[in-house]
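A.B. asks: File structure-v5.csv follows (CSV, C-alpha atoms and all ligand atoms):
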chain,number,residue,atom,x,y,z
A,1,MET,CA,-66.5,62.1,56.0
A,2,ARG,CA,-65.1,62.2,52.6
A,3,LYS,CA,-62.4,59.7,51.7
A,4,LYS,CA,-58.6,60.3,51.7
A,5,ILE,CA,-57.2,58.9,48.5
A,6,VAL,CA,-53.8,58.5,47.1
A,7,ALA,CA,-53.8,57.3,43.4
A,8,GLY,CA,-50.8,56.5,41.3
A,9,ASN,CA,-50.7,57.4,37.7
A,10,TRP,CA,-48.0,55.2,36.1
A,11,LYS,CA,-48.7,56.8,32.6
A,12,CYS,CA,-46.8,55.0,29.8
A,13,ASN,CA,-44.2,53.5,32.1
A,14,THR,CA,-43.1,49.9,33.0
A,15,THR,CA,-43.2,46.7,31.1
A,16,LEU,CA,-45.7,44.1,32.3
A,17,GLN,CA,-43.1,42.4,34.4
A,18,GLU,CA,-41.9,45.7,35.9
A,19,GLY,CA,-45.4,46.7,36.6
A,20,ILE,CA,-46.3,43.5,38.4
A,21,GLN,CA,-43.2,43.9,40.5
A,22,LEU,CA,-44.0,47.5,41.3
A,23,ALA,CA,-47.6,46.6,42.2
A,24,LYS,CA,-46.3,43.8,44.5
A,25,ASP,CA,-43.8,46.1,46.1
A,26,VAL,CA,-46.4,48.8,46.7
A,27,ASN,CA,-48.9,46.2,48.1
A,28,THR,CA,-46.3,44.9,50.5
A,29,GLN,CA,-45.6,48.4,51.8
A,30,VAL,CA,-49.3,49.2,52.1
A,31,GLU,CA,-50.0,45.9,54.0
A,32,GLU,CA,-47.0,46.4,56.3
A,33,LYS,CA,-47.4,50.1,57.1
A,34,GLY,CA,-50.0,51.8,55.0
A,35,ALA,CA,-52.4,54.2,56.8
A,36,GLU,CA,-55.6,52.2,57.0
A,37,ASP,CA,-57.9,55.2,56.4
A,38,VAL,CA,-56.3,56.0,53.0
A,39,VAL,CA,-57.7,54.5,49.8
A,40,VAL,CA,-54.9,53.5,47.6
A,41,VAL,CA,-55.3,53.2,43.8
A,42,LEU,CA,-52.8,52.2,41.1
A,43,GLY,CA,-53.4,53.6,37.6
A,44,THR,CA,-51.7,51.2,35.3
A,45,PRO,CA,-51.4,50.8,31.6
A,46,PHE,CA,-54.3,48.7,30.1
A,47,THR,CA,-52.0,45.7,29.4
A,48,HIS,CA,-51.1,45.5,33.1
A,49,ILE,CA,-54.5,45.8,34.7
A,50,THR,CA,-55.5,42.1,35.1
A,51,SER,CA,-52.1,41.1,36.4
A,52,VAL,CA,-52.0,44.0,38.8
A,53,VAL,CA,-55.5,43.2,40.1
A,54,ASN,CA,-54.3,39.7,40.7
A,55,SER,CA,-51.1,40.8,42.4
A,56,VAL,CA,-52.6,43.0,45.1
A,57,ASN,CA,-54.7,42.7,48.2
A,58,LYS,CA,-58.0,44.0,46.8
A,59,THR,CA,-59.2,45.1,50.1
A,60,ARG,CA,-56.2,47.5,50.4
A,61,VAL,CA,-55.2,48.4,46.9
A,62,GLY,CA,-57.6,49.4,44.0
A,63,VAL,CA,-56.7,49.5,40.4
A,64,ALA,CA,-57.5,52.1,37.7
A,65,SER,CA,-57.1,52.3,34.0
A,66,GLN,CA,-55.8,55.7,32.7
A,67,ASN,CA,-58.5,56.1,30.0
A,68,CYS,CA,-61.2,54.2,28.2
A,69,ALA,CA,-63.0,54.3,24.9
A,70,ALA,CA,-65.8,56.8,24.2
A,71,GLU,CA,-67.9,54.1,22.6
A,72,PRO,CA,-69.3,51.0,24.3
A,73,LYS,CA,-67.9,48.5,21.8
A,74,GLY,CA,-67.6,47.8,18.1
A,75,ALA,CA,-65.3,48.7,15.3
A,76,TYR,CA,-62.9,51.0,17.0
A,77,THR,CA,-59.5,49.5,16.5
A,78,GLY,CA,-57.1,49.9,19.3
A,79,GLU,CA,-59.7,51.1,21.8
A,80,VAL,CA,-60.5,49.6,25.2
A,81,SER,CA,-64.0,49.9,26.5
A,82,ALA,CA,-65.2,50.7,30.0
A,83,ALA,CA,-66.9,47.3,30.1
A,84,MET,CA,-63.6,45.6,29.3
A,85,VAL,CA,-61.9,47.6,32.1
A,86,LYS,CA,-64.7,46.5,34.5
A,87,SER,CA,-64.3,42.9,33.5
A,88,THR,CA,-60.6,42.9,34.7
A,89,GLY,CA,-61.7,43.6,38.2
A,90,ALA,CA,-60.4,47.2,38.2
A,91,GLY,CA,-62.6,49.7,40.0
A,92,TYR,CA,-61.5,53.1,38.7
A,93,VAL,CA,-60.9,55.0,35.5
A,94,ILE,CA,-58.8,58.2,35.3
A,95,LEU,CA,-60.6,60.5,32.9
A,96,GLY,CA,-59.7,63.8,31.3
A,97,HIS,CA,-56.0,63.9,32.3
A,98,SER,CA,-54.4,67.0,30.8
A,99,GLU,CA,-52.1,64.8,28.7
A,100,ARG,CA,-55.1,63.2,27.1
A,101,ARG,CA,-56.9,66.5,26.6
A,102,GLU,CA,-53.7,68.1,25.1
A,103,TYR,CA,-52.0,65.3,23.1
A,104,TYR,CA,-55.1,63.3,22.1
A,105,ASN,CA,-57.6,66.1,21.6
A,106,GLU,CA,-59.9,64.9,24.3
A,107,THR,CA,-62.7,67.4,24.2
A,108,SER,CA,-65.5,67.9,26.8
A,109,GLU,CA,-67.9,66.2,24.4
A,110,ILE,CA,-65.7,63.1,24.2
A,111,LEU,CA,-65.2,63.2,28.0
A,112,ASN,CA,-68.9,63.2,28.6
A,113,LYS,CA,-69.3,60.0,26.6
A,114,LYS,CA,-66.6,58.4,28.6
A,115,LEU,CA,-68.0,59.5,31.9
A,116,ALA,CA,-71.4,58.1,31.0
A,117,LEU,CA,-69.9,54.7,30.1
A,118,VAL,CA,-67.6,54.5,33.1
A,119,LEU,CA,-70.5,55.2,35.4
A,120,GLU,CA,-72.8,52.8,33.6
A,121,ASN,CA,-70.3,50.1,34.1
A,122,GLY,CA,-70.1,50.8,37.9
A,123,LEU,CA,-66.6,52.1,37.8
A,124,THR,CA,-65.4,55.2,39.7
A,125,PRO,CA,-64.2,58.0,37.5
A,126,ILE,CA,-61.1,60.0,38.7
A,127,TYR,CA,-61.9,63.2,36.9
A,128,CYS,CA,-58.9,65.4,36.2
A,129,CYS,CA,-59.1,69.2,35.7
A,130,GLY,CA,-56.6,72.0,35.8
A,131,GLU,CA,-55.2,75.0,34.0
A,132,PRO,CA,-52.2,75.7,31.8
A,133,LEU,CA,-49.5,78.1,32.7
A,134,SER,CA,-50.8,80.9,30.6
A,135,ILE,CA,-54.1,80.9,32.4
A,136,ARG,CA,-52.4,80.8,35.8
A,137,GLU,CA,-50.3,83.8,34.7
A,138,ALA,CA,-53.4,85.7,33.6
A,139,GLY,CA,-55.0,84.9,37.0
A,140,THR,CA,-58.1,83.3,35.4
A,141,GLN,CA,-57.6,79.8,36.7
A,142,ASN,CA,-60.8,79.7,38.7
A,143,ASP,CA,-63.0,80.5,35.7
A,144,TYR,CA,-61.0,78.1,33.5
A,145,VAL,CA,-61.5,75.1,35.8
A,146,LYS,CA,-65.1,76.1,36.6
A,147,LYS,CA,-65.8,76.0,32.8
A,148,GLN,CA,-64.2,72.5,32.6
A,149,PHE,CA,-66.7,71.4,35.3
A,150,GLU,CA,-69.7,73.1,33.6
A,151,GLU,CA,-68.9,71.4,30.3
A,152,THR,CA,-68.6,68.0,31.8
A,153,ILE,CA,-69.3,66.8,35.4
A,154,PHE,CA,-71.9,69.5,36.2
A,155,ARG,CA,-74.0,67.8,33.5
A,156,LEU,CA,-74.2,64.6,35.6
A,157,SER,CA,-77.2,63.8,37.8
A,158,VAL,CA,-76.6,64.3,41.6
A,159,ASP,CA,-76.5,60.6,42.0
A,160,ASP,CA,-73.8,60.2,39.4
A,161,PHE,CA,-71.8,63.2,40.6
A,162,LYS,CA,-71.6,61.6,44.1
A,163,LYS,CA,-69.6,58.7,42.6
A,164,LEU,CA,-66.8,60.9,41.3
A,165,ILE,CA,-63.3,61.5,42.6
A,166,ILE,CA,-61.9,64.8,41.4
A,167,ALA,CA,-58.2,65.5,40.8
A,168,TYR,CA,-57.0,69.1,40.4
A,169,GLU,CA,-53.8,69.1,38.4
A,170,PRO,CA,-52.4,72.4,37.3
A,171,ILE,CA,-50.7,71.6,34.0
A,172,TRP,CA,-47.7,73.7,34.8
A,173,ALA,CA,-47.0,71.5,37.8
A,174,ILE,CA,-47.3,68.1,36.1
A,175,GLY,CA,-43.9,66.4,35.7
A,176,THR,CA,-42.1,69.7,35.9
A,177,GLY,CA,-40.9,69.5,39.5
A,178,VAL,CA,-42.7,72.7,40.1
A,179,THR,CA,-45.4,72.0,42.7
A,180,ALA,CA,-48.3,74.4,43.4
A,181,THR,CA,-47.7,75.9,46.8
A,182,SER,CA,-49.7,74.6,49.6
A,183,GLU,CA,-51.7,77.9,49.5
A,184,GLN,CA,-52.3,77.7,45.8
A,185,ALA,CA,-53.6,74.2,46.2
A,186,GLN,CA,-55.9,75.0,49.1
A,187,GLU,CA,-57.2,78.1,47.4
A,188,MET,CA,-58.2,76.2,44.3
A,189,HIS,CA,-59.6,73.2,46.2
A,190,ALA,CA,-61.7,75.5,48.4
A,191,PHE,CA,-62.9,77.3,45.3
A,192,LEU,CA,-63.8,74.0,43.6
A,193,ARG,CA,-65.7,72.8,46.7
A,194,GLU,CA,-67.6,76.1,46.9
A,195,THR,CA,-68.4,75.7,43.2
A,196,ILE,CA,-69.7,72.2,43.7
A,197,ALA,CA,-71.7,73.4,46.7
A,198,GLY,CA,-73.3,76.1,44.5
A,199,LYS,CA,-74.3,73.4,42.0
A,200,PHE,CA,-75.2,70.4,44.0
A,201,GLY,CA,-75.4,71.7,47.6
A,202,GLN,CA,-73.0,71.8,50.6
A,203,GLU,CA,-73.5,68.2,51.7
A,204,ILE,CA,-72.5,66.8,48.4
A,205,ALA,CA,-69.5,69.2,48.2
A,206,ASP,CA,-68.4,68.1,51.6
A,207,GLU,CA,-68.5,64.5,50.6
A,208,THR,CA,-66.5,65.0,47.4
A,209,SER,CA,-62.8,64.0,47.5
A,210,ILE,CA,-60.6,66.5,45.7
A,211,LEU,CA,-57.1,65.3,45.1
A,212,TYR,CA,-54.1,67.4,44.2
A,213,GLY,CA,-51.7,66.3,41.4
A,214,GLY,CA,-48.6,67.8,39.9
A,215,SER,CA,-45.1,67.0,41.2
A,216,CYS,CA,-46.5,65.8,44.5
A,217,ASN,CA,-43.8,63.8,46.1
A,218,ALA,CA,-42.6,62.2,49.4
A,219,LYS,CA,-41.2,65.6,50.5
A,220,ASN,CA,-44.1,68.0,49.8
A,221,ALA,CA,-47.1,65.6,50.4
A,222,LYS,CA,-47.4,66.3,54.1
A,223,GLU,CA,-47.7,70.1,53.6
A,224,LEU,CA,-50.1,69.7,50.7
A,225,PHE,CA,-52.4,67.2,52.5
A,226,ALA,CA,-52.5,69.3,55.6
A,227,ASN,CA,-54.9,71.6,53.9
A,228,PRO,CA,-58.5,71.2,54.8
A,229,ASP,CA,-59.7,70.9,51.2
A,230,VAL,CA,-56.9,68.6,49.9
A,231,ASP,CA,-58.1,65.1,50.2
A,232,GLY,CA,-55.1,63.3,48.8
A,233,GLY,CA,-53.1,63.1,45.6
A,234,LEU,CA,-52.9,61.9,42.1
A,235,ILE,CA,-49.2,61.0,41.8
A,236,GLY,CA,-47.3,60.5,38.6
A,237,GLY,CA,-43.5,60.2,38.8
A,238,ALA,CA,-43.3,59.4,42.6
A,239,SER,CA,-45.9,56.5,42.2
A,240,LEU,CA,-43.2,54.6,40.3
A,241,LYS,CA,-41.1,54.3,43.5
A,242,PRO,CA,-42.7,52.2,46.2
A,243,GLU,CA,-40.7,53.8,49.0
A,244,ASP,CA,-41.8,57.3,47.9
A,245,PHE,CA,-45.4,56.3,47.2
A,246,ILE,CA,-45.9,54.8,50.7
A,247,GLU,CA,-44.5,57.9,52.2
A,248,ILE,CA,-47.1,59.9,50.3
A,249,ILE,CA,-49.8,57.5,51.4
A,250,ASN,CA,-48.7,58.0,55.0
A,251,ALA,CA,-48.3,61.8,54.7
A,252,TYR,CA,-51.6,62.6,56.5
B,301,LIG,P1,-46.5,64.1,38.3
B,301,LIG,O1,-47.8,63.7,37.5
B,301,LIG,O2,-46.7,63.7,39.7
B,301,LIG,O3,-45.4,63.3,37.6
B,301,LIG,O4,-46.3,65.6,38.2
B,301,LIG,C1,-49.1,63.8,38.0
B,301,LIG,C2,-50.1,63.4,37.0
B,301,LIG,O5,-49.9,63.8,35.8
B,301,LIG,O6,-51.1,62.8,37.3
Would you write the structure of this file as structure tokens?

C.D. replies:
Amino acid sequence: MRKKIVAGNWKCNTTLQEGIQLAKDVNTQVEEKGAEDVVVVLGTPFTHITSVVNSVNKTRVGVASQNCAAEPKGAYTGEVSAAMVKSTGAGYVILGHSERREYYNETSEILNKKLALVLENGLTPIYCCGEPLSIREAGTQNDYVKKQFEETIFRLSVDDFKKLIIAYEPIWAIGTGVTATSEQAQEMHAFLRETIAGKFGQEIADETSILYGGSCNAKNAKELFANPDVDGGLIGGASLKPEDFIEIINAY
């Protein structure tokens, strides 16, 4: 059975002290009442990763960076490599978030380099995809996301593809308070699973966790997660509030 996963994406929020407190609060909630069959991941700023790794029960709460460098090491001022992330004890890297694609010109070519390095270092990529509003309005969202796959993760070997977590995040739903309806989420997730099956076979498709992201919160998580092809969520705003985040974790 594919895993149920709830991952927080803190984005550029919290000071180190606030982040440690948040991680401890989430950890307490997870230890006290978190559903045992849900994998919980906290996507923290680079500066917080080591401290957060050391503040949580590693058997219950995983830690992710929100990006990594496209080069293994060297003269790239300001960059943080996949090997560095690995050395903190983190287990995951969020890659291809729409904010990185849009504000930092992250192309498929750059993403492919990052994917390779993340996988080489034994980290699990949380690969983000999703269409902007104009594409949704034109009704061509399926083709758009399929193309994102074809340019990146469909170039991986089967063995590497199996290591991925996918997060479908319609850009028009991120941070806007507008959530995709439960039907819209299911429709896209089913399409993505079918597309994966077409490329790598049904067995692999059935084992791939596809998370929904975009204004997912304590109120709507239950309905979204009730869909057969929605395997959890990538949570932005609501992951900064431990009481909301635990409700999302327990929304299955
Ligand atoms: P949001 O962000 O939950 O605040 O909409 C989700 C994300 O960008 O990962």

A.B. asks: Check which residues of chain A sit at most 6 Å from ligand LIG 301 (chain B) using all atoms listed in the file, and return one row each with the closest pair of atoms and their distance in Å to one decimal, ordered by chain and rising number, as a Markdown table.

C.D. replies:
| residue | atom | partner | partner_atom | distance |
| --- | --- | --- | --- | --- |
| A:Asn9 | CA | B:LIG301 | O6 | 5.4 |
| A:Ala173 | CA | B:LIG301 | O4 | 6.0 |
| A:Ile174 | CA | B:LIG301 | O4 | 3.4 |
| A:Gly175 | CA | B:LIG301 | O4 | 3.6 |
| A:Gly213 | CA | B:LIG301 | C1 | 5.0 |
| A:Gly214 | CA | B:LIG301 | O4 | 3.6 |
| A:Ser215 | CA | B:LIG301 | O4 | 3.5 |
| A:Cys216 | CA | B:LIG301 | O2 | 5.2 |
| A:Leu234 | CA | B:LIG301 | O6 | 5.2 |
| A:Ile235 | CA | B:LIG301 | O2 | 4.2 |
| A:Gly236 | CA | B:LIG301 | O1 | 3.4 |
| A:Gly237 | CA | B:LIG301 | O3 | 3.8 |

A.B. asks: Which residues, written as a ChimeraX atom specification, have at least one atom at most 7 Å from Val61 in chain A, with only C-alpha atoms counted and residues fewer than 3 positions away on the same chain left out?

C.D. replies: /A:27,40-41,56-58

A.B. asks: Store the residues picked out above in a file with C-alpha atoms, as a PDB file, in the frame of the given file.

C.D. replies:
ATOM      1  CA  ASN A  27     -48.900  46.200  48.100  1.00  0.00           C
ATOM      2  CA  VAL A  40     -54.900  53.500  47.600  1.00  0.00           C
ATOM      3  CA  VAL A  41     -55.300  53.200  43.800  1.00  0.00           C
ATOM      4  CA  VAL A  56     -52.600  43.000  45.100  1.00  0.00           C
ATOM      5  CA  ASN A  57     -54.700  42.700  48.200  1.00  0.00           C
ATOM      6  CA  LYS A  58     -58.000  44.000  46.800  1.00  0.00           C
TER       7      LYS A  58
END

A.B. asks: Choose the residue, out of A:Glu131, A:Glu183, A:Glu106, A:Glu207, that has the smallest atom-to-atom separation from Leu224 in chain A; count all atoms listed in the file.

C.D. replies: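 Residue with the minimum atom-to-atom distance to Leu224 in chain A: A:Glu183.
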
A.B. asks: Report as JSON lines the residues of range 33-128 of chain A within 10 Å of range 133-152 of chain A, each with its shortest atom pair and distance in Å (one decimal), using all atoms listed in the file, ordered by chain and increasing residue number.

C.D. replies:
{"residue": "A:Gly96", "atom": "CA", "partner": "A:Thr152", "partner_atom": "CA", "distance": 9.9}
{"residue": "A:Thr107", "atom": "CA", "partner": "A:Glu151", "partner_atom": "CA", "distance": 9.6}
{"residue": "A:Ser108", "atom": "CA", "partner": "A:Thr152", "partner_atom": "CA", "distance": 5.9}
{"residue": "A:Glu109", "atom": "CA", "partner": "A:Thr152", "partner_atom": "CA", "distance": 7.6}
{"residue": "A:Ile110", "atom": "CA", "partner": "A:Thr152", "partner_atom": "CA", "distance": 9.5}
{"residue": "A:Leu111", "atom": "CA", "partner": "A:Thr152", "partner_atom": "CA", "distance": 7.0}
{"residue": "A:Asn112", "atom": "CA", "partner": "A:Thr152", "partner_atom": "CA", "distance": 5.8}
{"residue": "A:Lys113", "atom": "CA", "partner": "A:Thr152", "partner_atom": "CA", "distance": 9.6}
{"residue": "A:Leu115", "atom": "CA", "partner": "A:Thr152", "partner_atom": "CA", "distance": 8.5}
{"residue": "A:Tyr127", "atom": "CA", "partner": "A:Phe149", "partner_atom": "CA", "distance": 9.6}
{"residue": "A:Cys128", "atom": "CA", "partner": "A:Gln148", "partner_atom": "CA", "distance": 9.6}

A.B. asks: Of the candidates A:Cys12, A:Cys129, A:Val158, A:Val6, which one gets nearest to Val30 in chain A if we count all atoms listed in the file?

C.D. replies: A:Val6

A.B. asks: CA of Val63 in chain A and CA of Leu22 in chain A, how far apart in Å?

C.D. replies: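 Those two atoms sit 12.9 Å apart.
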
A.B. asks: Report, in Å with one decimal, the straight-line distance from CA of Asn121 in chain A to CA of Arg100 in chain A.

C.D. replies: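 Distance between the two atoms: 21.3 Å.
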
A.B. asks: What separation in Å, quoted to one decimal, exists between CA of Gly177 in chain A and CA of Ile248 in chain A?

C.D. replies: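 For CA of Gly177 in chain A relative to CA of Ile248 in chain A, the distance reads 15.7 Å.
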
A.B. asks: Leaving out Gln66 in chain A and any residue of its chain fewer than 5 positions from it, which residues lie within 8 Å of it when counting only C-alpha atoms, given as a ChimeraX atom specification?

C.D. replies: /A:9,11,43-46,93-95

A.B. asks: Using only C-alpha atoms, which residues sit within 12 Å of Glu203 in chain A once same-chain residues fewer than 6 positions away are excluded, as a PyMOL selection string?

C.D. replies: chain A and resi 1-2+158+162+193-194+196-197

A.B. asks: Looking at A:Leu156, A:Val52, A:Val39, A:Ile5, which one is nearest to Gln21 in chain A, with distances taken over all atoms listed in the file?

C.D. replies: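 Answer, going by the shortest atom-to-atom distance: A:Val52.
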
A.B. asks: Using all atoms listed in the file, determine which residues lie at most 10 Å from Gly122 in chain A, disregarding the query and same-chain residues fewer than 5 positions distant; provide the list as an NGL selection string.

C.D. replies: :A and (82-83 or 86 or 91-92 or 117 or 163)

A.B. asks: Here is a test: counting all atoms listed in the file, which residue of A:Gly62, A:Pro242, A:Gly198, A:Gly233 is nearest to Ala167 in chain A?

C.D. replies: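 Answer, going by the shortest atom-to-atom distance: A:Gly233.
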
A.B. asks: Any idea what's packed within 10 Å of Thr47 in chain A, counting all atoms listed in the file, ignoring anything in its chain fewer than 4 positions away? Could you give it as an MDAnalysis selection string?

C.D. replies: chainID A and resid 15:16 19 51:52 65

A.B. asks: Closest to Ser87 in chain A among A:Ala7, A:Leu211, A:Leu123, A:Ile153, using only C-alpha atoms?

C.D. replies: A:Leu123

A.B. asks: Between A:Asn220, A:Ser157, A:Ser98, A:Asn13, single out the one closest to Ser182 in chain A, counting only C-alpha atoms.

C.D. replies: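 Going through A:Asn220, A:Ser157, A:Ser98, A:Asn13 one by one, the smallest distance to Ser182 in chain A is for A:Asn220.
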